[in-house]
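Undergrad: This is the content of upload_33.csv (CSV, C-alpha atoms and all ligand atoms):
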chain,number,residue,atom,x,y,z
A,1,MET,CA,107.7,85.9,78.6
A,2,VAL,CA,105.2,86.2,81.4
A,3,ASN,CA,106.7,87.4,84.7
A,4,ALA,CA,106.2,84.5,87.1
A,5,VAL,CA,106.5,86.8,90.2
A,6,LYS,CA,103.3,88.7,90.4
A,7,ARG,CA,103.3,92.3,91.5
A,8,VAL,CA,100.8,93.7,94.1
A,9,LEU,CA,100.1,97.3,94.8
A,10,VAL,CA,98.8,97.8,98.4
A,11,PHE,CA,96.9,101.1,98.8
A,12,ASP,CA,95.7,103.1,101.8
A,13,SER,CA,95.2,106.7,102.8
A,14,GLY,CA,98.2,106.4,105.1
A,15,VAL,CA,100.2,103.8,107.0
A,16,GLY,CA,97.2,101.6,107.9
A,17,GLY,CA,97.6,99.5,104.8
A,18,LEU,CA,100.9,98.3,106.3
A,19,SER,CA,98.9,96.0,108.6
A,20,VAL,CA,97.6,94.3,105.4
A,21,PHE,CA,101.0,94.6,103.7
A,22,ASP,CA,102.6,92.7,106.7
A,23,ALA,CA,100.2,89.9,106.3
A,24,ILE,CA,100.8,89.6,102.6
A,25,ALA,CA,104.6,89.8,103.1
A,26,ALA,CA,104.4,87.0,105.7
A,27,SER,CA,102.1,84.8,103.7
A,28,GLY,CA,105.0,82.8,102.1
A,29,HIS,CA,104.3,83.8,98.5
A,30,ALA,CA,106.7,85.0,95.9
A,31,LEU,CA,105.1,88.4,95.3
A,32,GLU,CA,106.6,91.8,94.5
A,33,LEU,CA,105.1,94.4,96.7
A,34,ASP,CA,104.5,98.1,96.1
A,35,TYR,CA,102.8,100.4,98.6
A,36,ALA,CA,101.0,103.7,98.0
A,37,ALA,CA,99.6,106.1,100.6
A,38,ASP,CA,97.3,109.0,99.7
A,39,ASN,CA,98.5,110.7,102.9
A,40,ALA,CA,97.9,114.2,101.4
A,41,TRP,CA,94.2,113.3,101.8
A,42,LEU,CA,94.4,111.6,105.2
A,43,PRO,CA,92.1,110.9,106.9
A,44,TYR,CA,89.7,109.4,104.4
A,45,GLY,CA,87.2,108.8,107.3
A,46,LEU,CA,86.4,112.5,107.3
A,47,LYS,CA,86.1,112.9,103.5
A,48,SER,CA,82.7,112.8,101.7
A,49,ASP,CA,81.6,109.8,99.8
A,50,SER,CA,81.5,111.6,96.5
A,51,GLU,CA,85.1,112.9,97.0
A,52,LEU,CA,86.4,109.4,97.6
A,53,ARG,CA,84.4,107.9,94.7
A,54,ALA,CA,86.0,110.4,92.4
A,55,ARG,CA,89.6,110.4,93.7
A,56,VAL,CA,90.4,106.8,94.6
A,57,PRO,CA,89.7,105.2,91.2
A,58,ALA,CA,91.5,108.0,89.4
A,59,LEU,CA,94.5,107.8,91.6
A,60,LEU,CA,94.7,104.0,91.4
A,61,GLN,CA,94.3,104.1,87.6
A,62,ARG,CA,97.4,106.3,87.3
A,63,LEU,CA,99.4,104.1,89.7
A,64,VAL,CA,98.4,101.0,87.7
A,65,ASP,CA,99.6,102.8,84.5
A,66,GLN,CA,102.9,103.8,86.1
A,67,TRP,CA,103.8,100.8,88.3
A,68,ALA,CA,102.1,98.0,86.4
A,69,PRO,CA,100.8,95.8,89.2
A,70,ASP,CA,99.1,92.5,88.5
A,71,ALA,CA,96.6,93.2,91.3
A,72,VAL,CA,95.6,96.1,93.6
A,73,VAL,CA,94.6,95.7,97.2
A,74,VAL,CA,92.5,98.6,98.5
A,75,ALA,CA,93.8,98.2,102.1
A,76,CYS,CA,91.4,100.7,103.4
A,77,ASN,CA,87.9,99.9,104.7
A,78,THR,CA,86.8,103.5,104.3
A,79,ALA,CA,87.7,103.6,100.6
A,80,SER,CA,86.5,100.0,99.9
A,81,THR,CA,83.1,100.4,101.5
A,82,ILE,CA,82.3,103.4,99.2
A,83,ALA,CA,84.4,103.0,96.1
A,84,LEU,CA,85.2,99.3,95.5
A,85,ASP,CA,82.7,99.1,92.7
A,86,ALA,CA,84.0,102.2,91.1
A,87,VAL,CA,87.6,101.1,91.4
A,88,ARG,CA,86.8,97.7,89.9
A,89,ALA,CA,84.9,99.3,87.0
A,90,GLN,CA,87.9,101.6,86.4
A,91,LEU,CA,90.8,99.1,86.6
A,92,SER,CA,91.7,96.2,84.3
A,93,VAL,CA,93.6,94.3,87.0
A,94,PRO,CA,92.0,92.3,89.8
A,95,VAL,CA,91.1,94.4,92.8
A,96,VAL,CA,90.9,93.0,96.4
A,97,GLY,CA,89.1,95.2,98.8
A,98,VAL,CA,89.3,95.2,102.6
A,99,VAL,CA,85.9,95.4,104.2
A,100,PRO,CA,84.8,95.1,107.9
A,101,PRO,CA,85.3,91.5,109.2
A,102,ILE,CA,81.7,91.1,110.3
A,103,LYS,CA,81.4,87.5,109.1
A,104,PRO,CA,84.3,86.1,111.2
A,105,ALA,CA,83.3,88.2,114.1
A,106,ALA,CA,79.8,86.7,114.0
A,107,ALA,CA,81.2,83.2,113.9
A,108,LEU,CA,83.5,83.9,116.9
A,109,THR,CA,81.3,85.7,119.4
A,110,ARG,CA,80.0,83.7,122.3
A,111,THR,CA,77.9,86.5,123.9
A,112,GLY,CA,76.3,87.6,120.6
A,113,VAL,CA,77.7,91.1,121.0
A,114,ILE,CA,80.3,92.3,118.6
A,115,GLY,CA,82.2,95.6,118.8
A,116,LEU,CA,82.8,97.4,115.5
A,117,LEU,CA,85.7,99.8,115.6
A,118,ALA,CA,86.1,101.8,112.3
A,119,THR,CA,86.4,105.3,111.0
A,120,PRO,CA,83.4,107.6,111.3
A,121,ALA,CA,82.6,107.0,107.7
A,122,THR,CA,82.8,103.2,107.7
A,123,VAL,CA,80.6,102.8,110.8
A,124,ARG,CA,77.7,104.6,109.1
A,125,ARG,CA,78.0,103.2,105.6
A,126,ALA,CA,75.2,101.3,103.9
A,127,TYR,CA,77.9,98.7,102.9
A,128,THR,CA,78.5,98.1,106.6
A,129,ASN,CA,74.8,97.8,107.4
A,130,ASP,CA,74.4,95.3,104.6
A,131,LEU,CA,77.3,93.2,105.9
A,132,ILE,CA,75.7,93.1,109.4
A,133,ALA,CA,72.3,92.3,107.9
A,134,GLN,CA,73.8,89.5,105.8
A,135,PHE,CA,76.3,87.9,108.2
A,136,ALA,CA,75.3,88.9,111.7
A,137,PRO,CA,71.5,89.3,111.6
A,138,ASP,CA,71.1,87.7,115.0
A,139,LYS,CA,73.9,89.5,116.7
A,140,SER,CA,74.1,92.8,118.3
A,141,VAL,CA,76.8,95.2,116.9
A,142,VAL,CA,78.1,98.1,119.0
A,143,ARG,CA,79.7,100.6,116.7
A,144,PHE,CA,82.3,103.3,117.4
A,145,GLY,CA,83.8,105.5,114.8
A,146,SER,CA,87.2,107.2,115.5
A,147,ALA,CA,89.4,109.4,113.4
A,148,ALA,CA,91.6,110.0,116.4
A,149,LEU,CA,92.8,106.4,116.4
A,150,VAL,CA,93.8,106.8,112.8
A,151,GLU,CA,96.0,109.7,113.9
A,152,ALA,CA,97.3,107.7,116.8
A,153,ALA,CA,98.4,104.9,114.5
A,154,GLU,CA,100.1,107.4,112.2
A,155,ARG,CA,101.9,108.9,115.2
A,156,LYS,CA,103.0,105.5,116.4
A,157,LEU,CA,104.6,104.7,113.1
A,158,ARG,CA,106.3,108.1,113.0
A,159,GLY,CA,107.8,107.3,116.4
A,160,ALA,CA,105.9,110.2,118.1
A,161,PRO,CA,104.8,110.0,121.7
A,162,GLN,CA,101.4,108.3,122.1
A,163,ASP,CA,98.3,110.1,123.2
A,164,PRO,CA,96.3,107.6,125.3
A,165,ALA,CA,93.2,109.8,125.0
A,166,ALA,CA,92.2,108.3,121.6
A,167,ILE,CA,92.5,104.7,122.9
A,168,ALA,CA,90.6,105.5,126.1
A,169,GLU,CA,87.8,107.3,124.2
A,170,ALA,CA,87.4,104.3,121.8
A,171,MET,CA,87.3,101.8,124.8
A,172,GLU,CA,84.6,104.0,126.5
A,173,GLY,CA,82.7,104.3,123.2
A,174,LEU,CA,82.4,100.6,122.9
A,175,PHE,CA,82.3,99.1,126.4
A,176,GLY,CA,80.4,102.1,127.8
A,177,ALA,CA,77.7,101.9,125.2
A,178,PRO,CA,74.4,100.1,125.8
A,179,GLY,CA,75.1,96.4,125.5
A,180,GLY,CA,78.9,97.1,125.5
A,181,ALA,CA,79.4,95.2,128.7
A,182,GLU,CA,78.8,92.0,126.7
A,183,ILE,CA,81.3,92.6,123.9
A,184,ASP,CA,83.6,89.6,123.5
A,185,VAL,CA,84.9,90.2,119.9
A,186,ILE,CA,86.0,93.5,118.3
A,187,ALA,CA,86.2,93.8,114.6
A,188,LEU,CA,89.0,96.2,113.7
A,189,ALA,CA,87.4,97.6,110.6
A,190,CYS,CA,90.1,100.2,109.8
A,191,THR,CA,93.5,99.0,108.6
A,192,HIS,CA,95.2,101.5,110.9
A,193,PHE,CA,93.8,99.9,114.0
A,194,PRO,CA,95.7,96.5,114.0
A,195,LEU,CA,98.8,98.6,114.3
A,196,LEU,CA,97.4,99.6,117.8
A,197,THR,CA,96.2,96.2,118.9
A,198,ALA,CA,98.7,96.0,121.9
A,199,GLU,CA,97.6,99.4,123.1
A,200,LEU,CA,93.9,98.6,122.6
A,201,ALA,CA,94.2,95.3,124.4
A,202,ALA,CA,96.0,96.9,127.3
A,203,ALA,CA,93.2,99.5,127.7
A,204,ALA,CA,90.3,97.0,127.3
A,205,PRO,CA,88.5,96.0,130.6
A,206,ARG,CA,89.0,92.3,129.9
A,207,PRO,CA,90.5,89.9,127.3
A,208,ILE,CA,88.8,90.3,123.9
A,209,VAL,CA,89.2,88.6,120.6
A,210,TRP,CA,90.6,91.3,118.2
A,211,LEU,CA,89.8,90.6,114.6
A,212,ASP,CA,91.3,92.1,111.5
A,213,SER,CA,91.2,91.3,107.8
A,214,GLY,CA,95.0,91.0,107.1
A,215,GLU,CA,95.4,87.3,106.8
A,216,ALA,CA,92.2,86.8,104.9
A,217,ILE,CA,93.3,89.4,102.4
A,218,ALA,CA,96.7,87.8,102.1
A,219,ARG,CA,95.0,84.4,101.3
A,220,ARG,CA,92.7,86.1,98.8
A,221,VAL,CA,95.6,87.9,97.0
A,222,ALA,CA,97.5,84.6,96.7
A,223,ASN,CA,94.4,82.8,95.3
A,224,VAL,CA,93.6,85.6,92.8
A,225,LEU,CA,97.1,85.7,91.5
A,226,ILE,CA,97.8,82.0,91.8
A,227,ALA,CA,101.0,83.0,93.5
A,228,GLU,CA,104.0,80.7,93.8
A,229,PRO,CA,105.3,79.7,97.2
A,230,GLY,CA,108.4,81.8,98.1
A,231,ALA,CA,109.5,85.0,99.8
A,232,ALA,CA,107.9,88.4,99.1
A,233,ARG,CA,110.1,91.1,97.6
A,234,VAL,CA,109.5,94.7,98.5
A,235,ARG,CA,109.8,97.3,95.7
A,236,ARG,CA,108.8,100.8,96.5
A,237,ALA,CA,106.5,103.1,98.5
A,238,GLY,CA,104.8,106.2,97.2
A,239,PHE,CA,103.2,109.1,99.0
A,240,THR,CA,101.0,111.9,97.8
A,241,ASP,CA,102.5,114.0,100.7
A,242,ALA,CA,106.2,113.3,101.0
A,243,GLY,CA,106.8,116.0,103.6
A,244,ASN,CA,108.3,114.7,106.9
A,245,LEU,CA,108.9,111.4,105.2
A,246,SER,CA,112.1,111.0,107.2
A,247,GLU,CA,109.9,110.3,110.2
A,248,LEU,CA,108.3,107.4,108.3
A,249,TYR,CA,111.4,105.9,106.8
A,250,PRO,CA,112.2,103.7,109.9
A,251,ALA,CA,108.7,102.0,109.7
A,252,PHE,CA,109.1,101.4,106.0
A,253,ARG,CA,112.8,100.5,106.0
A,254,ALA,CA,112.0,97.9,108.8
A,255,ARG,CA,109.7,96.3,106.2
A,256,GLY,CA,112.3,96.3,103.5
A,257,PHE,CA,111.5,99.4,101.5
A,258,GLU,CA,114.4,101.3,100.1
A,259,ALA,CA,112.9,103.2,97.2
A,260,PHE,CA,110.4,106.0,97.8
A,261,ALA,CA,108.4,108.1,95.4
A,262,GLN,CA,106.4,111.3,95.5
A,263,ILE,CA,103.0,110.9,93.8
A,264,GLY,CA,102.0,114.2,92.3
A,265,PRO,CA,98.6,116.0,92.7
A,266,ALA,CA,95.4,115.2,90.8
A,267,PRO,CA,94.6,114.7,88.0
A,268,GLY,CA,98.1,113.5,86.8
A,269,PHE,CA,99.2,111.7,90.0
A,270,GLU,CA,102.7,111.6,88.4
A,271,ALA,CA,104.9,109.3,90.5
A,272,ALA,CA,108.5,110.5,90.6
A,273,PRO,CA,111.3,108.8,92.6
A,274,ILE,CA,112.5,110.8,95.6
A,275,VAL,CA,115.2,108.3,96.7
A,276,ASP,CA,116.2,105.0,95.3
A,277,SER,CA,117.7,104.1,98.7
A,278,ALA,CA,116.3,105.8,101.8
A,279,PRO,CA,118.8,107.3,104.3
A,280,ALA,CA,119.5,105.2,107.3
A,301,LIG,N1,93.0,102.9,106.9
A,301,LIG,C1,91.7,103.4,106.5
A,301,LIG,C2,90.6,102.3,106.8
A,301,LIG,O1,90.9,101.1,106.7
A,301,LIG,C3,91.2,104.7,106.9
A,301,LIG,C4,92.0,105.7,107.6
A,301,LIG,C5,91.5,107.1,107.2
A,301,LIG,O2,90.5,107.6,107.8
A,301,LIG,O3,92.2,107.7,106.4
A,301,LIG,O4,89.5,102.6,106.9
For the file at hand, write its structure as structure tokens.
TA:
Amino acid sequence: MVNAVKRVLVFDSGVGGLSVFDAIAASGHALELDYAADNAWLPYGLKSDSELRARVPALLQRLVDQWAPDAVVVACNTASTIALDAVRAQLSVPVVGVVPPIKPAAALTRTGVIGLLATPATVRRAYTNDLIAQFAPDKSVVRFGSAALVEAAERKLRGAPQDPAAIAEAMEGLFGAPGGAEIDVIALACTHFPLLTAELAAAAPRPIVWLDSGEAIARRVANVLIAEPGAARVRRAGFTDAGNLSELYPAFRARGFEAFAQIGPAPGFEAAPIVDSAPA
């Protein structure tokens, strides 16, 4: 018998994919959700293109073998913009990739100036240039790449004190750049950054439309899987680095995760349960 409840694996380098996970979980579809973080390799934004093109498809193939999802969400702009074709060629299940929300940003801007906040890798990718050429040819796009904001989001979800410097640097990088004074929409093109929207909005010089891809991805997943209406069920979260996981439990437990796994090193990426029920 075919399982009516489809299983989705949400993947990111770290906790950023939780911004996409949250949108899928809230979308009102009866889906079973797994999460995997390649946090041993965090941040992806400072890895080379060839390293990511080799590692991400191999890791996802092993997770698909072990966890049997019906679809995979690459909830990482940095991985998607360089390895989505390689991941799709590798996997036999549908793959939904998160890429910079340039198209909706172009539709929403009134000034014609869009801010693009992403990792250092994503802002310079040919994929990103192509999106801008295709969907925002008549707009001006001010780009800023930050690995520090990725770290800031990781710290926030671990409950560590915030370092306002990363936020301030990003705001200066966008609004202080040539043309930056006209920015009215900011595309959050790294899945870590929606986890910091409140902090970013508080540091911005004026009200801004903050755009992320979460809800669009949730709609896409439901369409691809022809998902039934209902409540999402959370299954397990795996990490390539399970050290200091206790700091991350609260953020994952708050989202309903109770089972955690250690994903072993390449090339086996063997996923072994750490706890079936995380400590309170
Ligand atoms: N969350 C990832 C993204 O959407 C990248 C974070 C990292 O650099 O590892 O781009």
Undergrad: Around ligand LIG 301 (chain A), out to 7 Å and counting all atoms listed in the file, which residues are there? I want them as JSON, numbers by chain.
TA: {"A": [12, 13, 14, 16, 17, 42, 43, 44, 45, 46, 75, 76, 77, 78, 79, 118, 119, 122, 147, 150, 189, 190, 191, 192]}
Undergrad: List as a list of chain:residue names the protein and nucleic acid residues near A:Arg7, meaning an atom at most 7 Å away when all atoms listed in the file are counted, but skip any in the same chain fewer than 5 places from it.
TA: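 Near neighbours after the sequence-gap exclusion: A:Leu31, A:Glu32, A:Leu33, A:Pro69, A:Asp70, A:Ala71.
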Undergrad: Using only C-alpha atoms, which protein or nucleic acid residues come within 12 Å of A:Val87? Drop anything in the same chain fewer than 2 positions from it, and give the result as a count of residues only.
TA: 33
Undergrad: Would you kindly identify which residues have an atom no farther than 9 Å from (93.6, 113.2, 117.9), using only C-alpha atoms and the file's own coordinates, and write them out as a PDB file with C-alpha atoms, in the frame of the given file?
TA:
ATOM      1  CA  ALA A 147      89.400 109.400 113.400  1.00  0.00           C
ATOM      2  CA  ALA A 148      91.600 110.000 116.400  1.00  0.00           C
ATOM      3  CA  LEU A 149      92.800 106.400 116.400  1.00  0.00           C
ATOM      4  CA  VAL A 150      93.800 106.800 112.800  1.00  0.00           C
ATOM      5  CA  GLU A 151      96.000 109.700 113.900  1.00  0.00           C
ATOM      6  CA  ALA A 152      97.300 107.700 116.800  1.00  0.00           C
ATOM      7  CA  ASP A 163      98.300 110.100 123.200  1.00  0.00           C
ATOM      8  CA  ALA A 165      93.200 109.800 125.000  1.00  0.00           C
ATOM      9  CA  ALA A 166      92.200 108.300 121.600  1.00  0.00           C
TER      10      ALA A 166
END
Undergrad: In Å, rounded to a single decimal, give me how far atom CA of A:Ala170 is from atom CA of A:Phe144.
TA: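 We find that atom CA of A:Phe144 and atom CA of A:Ala170 lie 6.8 Å from each other.
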Undergrad: In terms of the shortest atom-to-atom distance over only C-alpha atoms, which of A:Arg253, A:Lys139, A:Arg88, A:Arg125 is closest to A:Val113?
TA: A:Lys139
Undergrad: Name the closest residue to A:Ile102 among the candidates A:Leu131, A:Ala153, A:Val10, A:Leu248; distances are taken between atoms, counting only C-alpha atoms.
TA: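 Distance minimum relative to A:Ile102 lands on A:Leu131.
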Undergrad: Restricting the calculation to only C-alpha atoms: of A:Thr109, A:Ala133, A:Leu63, A:Ala30, which residue gets closest to A:Ile226?
TA: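 Comparing A:Thr109, A:Ala133, A:Leu63, A:Ala30 against A:Ile226, the winner is A:Ala30.
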Undergrad: Nearest to A:Ile24: which of A:Gly214, A:Pro101, A:Pro205, A:Gly145 is it, counting only C-alpha atoms?
TA: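 Looking at the shortest contact to A:Ile24, the residue is A:Gly214.
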Undergrad: Could you give me, as a PyMOL selection string, the residues within 12 Å of A:Leu200, counting only C-alpha atoms and dropping anything in the same chain fewer than 2 positions from it?
TA: chain A and resi 117+149+152-153+164-172+174+186+188+193-198+202-210
Undergrad: Rounded to one decimal in Å, what is the spacing between atom CA of A:Glu247 and atom CA of A:Val20?
TA: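 Result for atom CA of A:Glu247 versus atom CA of A:Val20: 20.7 Å, one decimal.
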Undergrad: Kindly indicate which residue among A:Thr240, A:Ala107, A:Phe252, A:Ala187 lies nearest to A:Ala266, using all atoms listed in the file for the distances.
TA: A:Thr240
Undergrad: Quote the spacing between atom CA of A:Ala37 and atom CA of A:Trp67 in Å to one decimal place.
TA: 14.0 Å
Undergrad: So, counting only C-alpha atoms, which residue among A:Leu225, A:Asp34, A:Gly115, A:Ala160 is closest to A:Ala177?
TA: A:Gly115
Undergrad: Could you make a table, as a tab-separated table, of the residues of stretch 137-248 of chain A that have an atom within 9 Å of an atom of stretch 25-28 of chain A, each with its nearest atom pair and distance in Å to one decimal, counting all atoms listed in the file, in chain and number order?
TA:
residue	atom	partner	partner_atom	distance
A:Glu215	CA	A:Ser27	CA	7.8
A:Ala218	CA	A:Ser27	CA	6.4
A:Arg219	CA	A:Ser27	CA	7.5
A:Ala222	CA	A:Ser27	CA	8.4
A:Glu228	CA	A:Gly28	CA	8.6
A:Pro229	CA	A:Gly28	CA	5.8
A:Gly230	CA	A:Gly28	CA	5.3
A:Ala231	CA	A:Gly28	CA	5.5
A:Ala232	CA	A:Ala25	CA	5.4
A:Arg233	CA	A:Ala25	CA	7.9
A:Val234	CA	A:Ala25	CA	8.3
Undergrad: Tell me which protein, DNA and RNA residues are within 8 Å of stretch 262-265 of chain A, counting all atoms listed in the file, leaving out same-chain ones fewer than 2 positions away, and put them as a ChimeraX atom specification.
TA: /A:238-242,260,267-274
